[in-house]
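**Q** Have a look at this one before I ask anything.
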Amino acid sequence: MATSSHRNTQKPKPWPTPSPEQHEAIRRRAEEIYIRSGRIPGRDLENWSQAEEEILREFVAVPARRKAVVISVNGVKYVGEYDPASSGGYTPGEFGSGAPVPVRFDGTKMFVKRPNGHELETTIVNKIG
């Protein structure tokens, strides 16, 4: 009597490609699962899959760190958060620490002129001083 095996045909998970840090966390979690489940041989793929799902779910659940710049105007420090996706390619460090930077305010918005002439739009989240 012949038997047939059916492979799991579920769609792949929508997880991003793991970073090296996430890959190492997945490896450690898979090892924990292996030990916790009694060191059963031959379950490497199942252990890895479970670990990958758990770790990547944790990374997805953690909100991205907010990005901000701190600008001092007349002794008052303004903390302005910005969205990296709409920052026009701004990279932290464009403004030298203590260097004069043109800035303008409009309500809760702070616009900081970048060295390339474009403005970085931020939302003021804190005012110190």
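Chain labels follow the order of the structure tokens: the first chain is A, the next B, and so on; residue numbering restarts at 1 in every chain, and ligands are counted from 1 in their shown order.
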What are the DSSP strand (DSSP E) residues of region 10-129 of chain A, as number ranges by chain?

**A** A: 67-73, 76-82, 103-106, 109-113, 119-128

**Q** Could you save the residues just selected, with C-alpha atoms, as a tab-separated table (two decimals), in the first residue's frame?

**A**
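Output file out.tsv is given in full below:
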```
chain	number	residue	atom	x	y	z
A	67	LYS	CA	14.44	60.24	15.74
A	68	ALA	CA	15.07	63.74	17.01
A	69	VAL	CA	17.35	66.73	16.80
A	70	VAL	CA	18.11	69.16	19.61
A	71	ILE	CA	18.57	72.80	18.64
A	72	SER	CA	19.54	75.55	21.08
A	73	VAL	CA	18.10	79.00	20.40
A	76	VAL	CA	16.47	77.35	25.08
A	77	LYS	CA	16.84	73.79	23.82
A	78	TYR	CA	14.15	72.53	21.45
A	79	VAL	CA	13.77	68.81	20.85
A	80	GLY	CA	12.26	68.19	17.43
A	81	GLU	CA	11.24	64.71	16.32
A	82	TYR	CA	11.25	63.84	12.64
A	103	VAL	CA	16.01	77.47	12.11
A	104	ARG	CA	12.43	78.71	11.85
A	105	PHE	CA	9.34	77.92	13.88
A	106	ASP	CA	5.72	77.55	12.83
A	109	LYS	CA	6.84	72.69	13.93
A	110	MET	CA	10.55	73.47	13.79
A	111	PHE	CA	12.28	73.67	10.41
A	112	VAL	CA	16.05	73.28	10.47
A	113	LYS	CA	18.03	74.30	7.38
A	119	GLU	CA	14.84	71.93	5.47
A	120	LEU	CA	14.35	69.15	8.00
A	121	GLU	CA	10.79	69.37	9.30
A	122	THR	CA	10.40	68.36	12.93
A	123	THR	CA	7.64	68.39	15.52
A	124	ILE	CA	8.64	70.06	18.78
A	125	VAL	CA	8.20	67.53	21.56
A	126	ASN	CA	10.13	69.26	24.33
A	127	LYS	CA	11.39	72.72	25.24
A	128	ILE	CA	14.09	72.96	27.90
```

**Q** I need the helix (DSSP H, G or I) residues of chain A per DSSP on the backbone, written as a PyMOL selection string.

**A** chain A and resi 20-36+44-61+84-86

**Q** For the selection you just gave me, I'd like the residues written to a file as a tab-separated table (two decimals), in the first residue's frame, keeping C-alpha atoms.

**A**
```tsv
chain	number	residue	atom	x	y	z
A	20	PRO	CA	22.66	39.69	12.00
A	21	GLU	CA	21.49	40.65	15.51
A	22	GLN	CA	18.09	39.03	14.94
A	23	HIS	CA	19.69	35.94	13.36
A	24	GLU	CA	21.80	35.41	16.48
A	25	ALA	CA	18.73	35.89	18.71
A	26	ILE	CA	16.86	33.31	16.61
A	27	ARG	CA	19.76	30.86	16.92
A	28	ARG	CA	19.82	31.24	20.71
A	29	ARG	CA	16.03	30.88	20.96
A	30	ALA	CA	16.08	27.74	18.76
A	31	GLU	CA	18.68	26.24	21.08
A	32	GLU	CA	16.52	27.12	24.11
A	33	ILE	CA	13.52	25.45	22.46
A	34	TYR	CA	15.62	22.35	21.71
A	35	ILE	CA	16.77	22.08	25.33
A	36	ARG	CA	13.36	22.94	26.80
A	44	ASP	CA	15.95	21.50	13.91
A	45	LEU	CA	13.66	23.06	11.30
A	46	GLU	CA	10.65	23.10	13.62
A	47	ASN	CA	12.72	24.62	16.44
A	48	TRP	CA	14.21	27.23	14.09
A	49	SER	CA	10.82	28.10	12.61
A	50	GLN	CA	9.27	28.57	16.05
A	51	ALA	CA	12.24	30.64	17.23
A	52	GLU	CA	12.18	32.79	14.09
A	53	GLU	CA	8.47	33.48	14.49
A	54	GLU	CA	8.86	34.40	18.17
A	55	ILE	CA	11.91	36.65	17.70
A	56	LEU	CA	10.67	38.46	14.60
A	57	ARG	CA	7.26	39.00	16.19
A	58	GLU	CA	9.04	40.63	19.14
A	59	PHE	CA	11.06	42.89	16.82
A	60	VAL	CA	7.94	43.87	14.85
A	61	ALA	CA	6.00	44.57	18.06
A	84	PRO	CA	13.17	59.37	8.75
A	85	ALA	CA	10.97	58.24	5.83
A	86	SER	CA	10.08	61.82	4.94
```

**Q** Give me the residues within 12 Å of Gly96 (chain A) as JSON, numbers by chain, counting only C-alpha atoms and dropping any in the same chain fewer than 3 places off.

**A** {"A": [69, 70, 71, 91, 92, 93, 99, 100, 101, 114, 115]}

**Q** Just how far from CA of Ser19 (chain A) is CA of Asp83 (chain A), in Å to one decimal?

**A** 21.8 Å
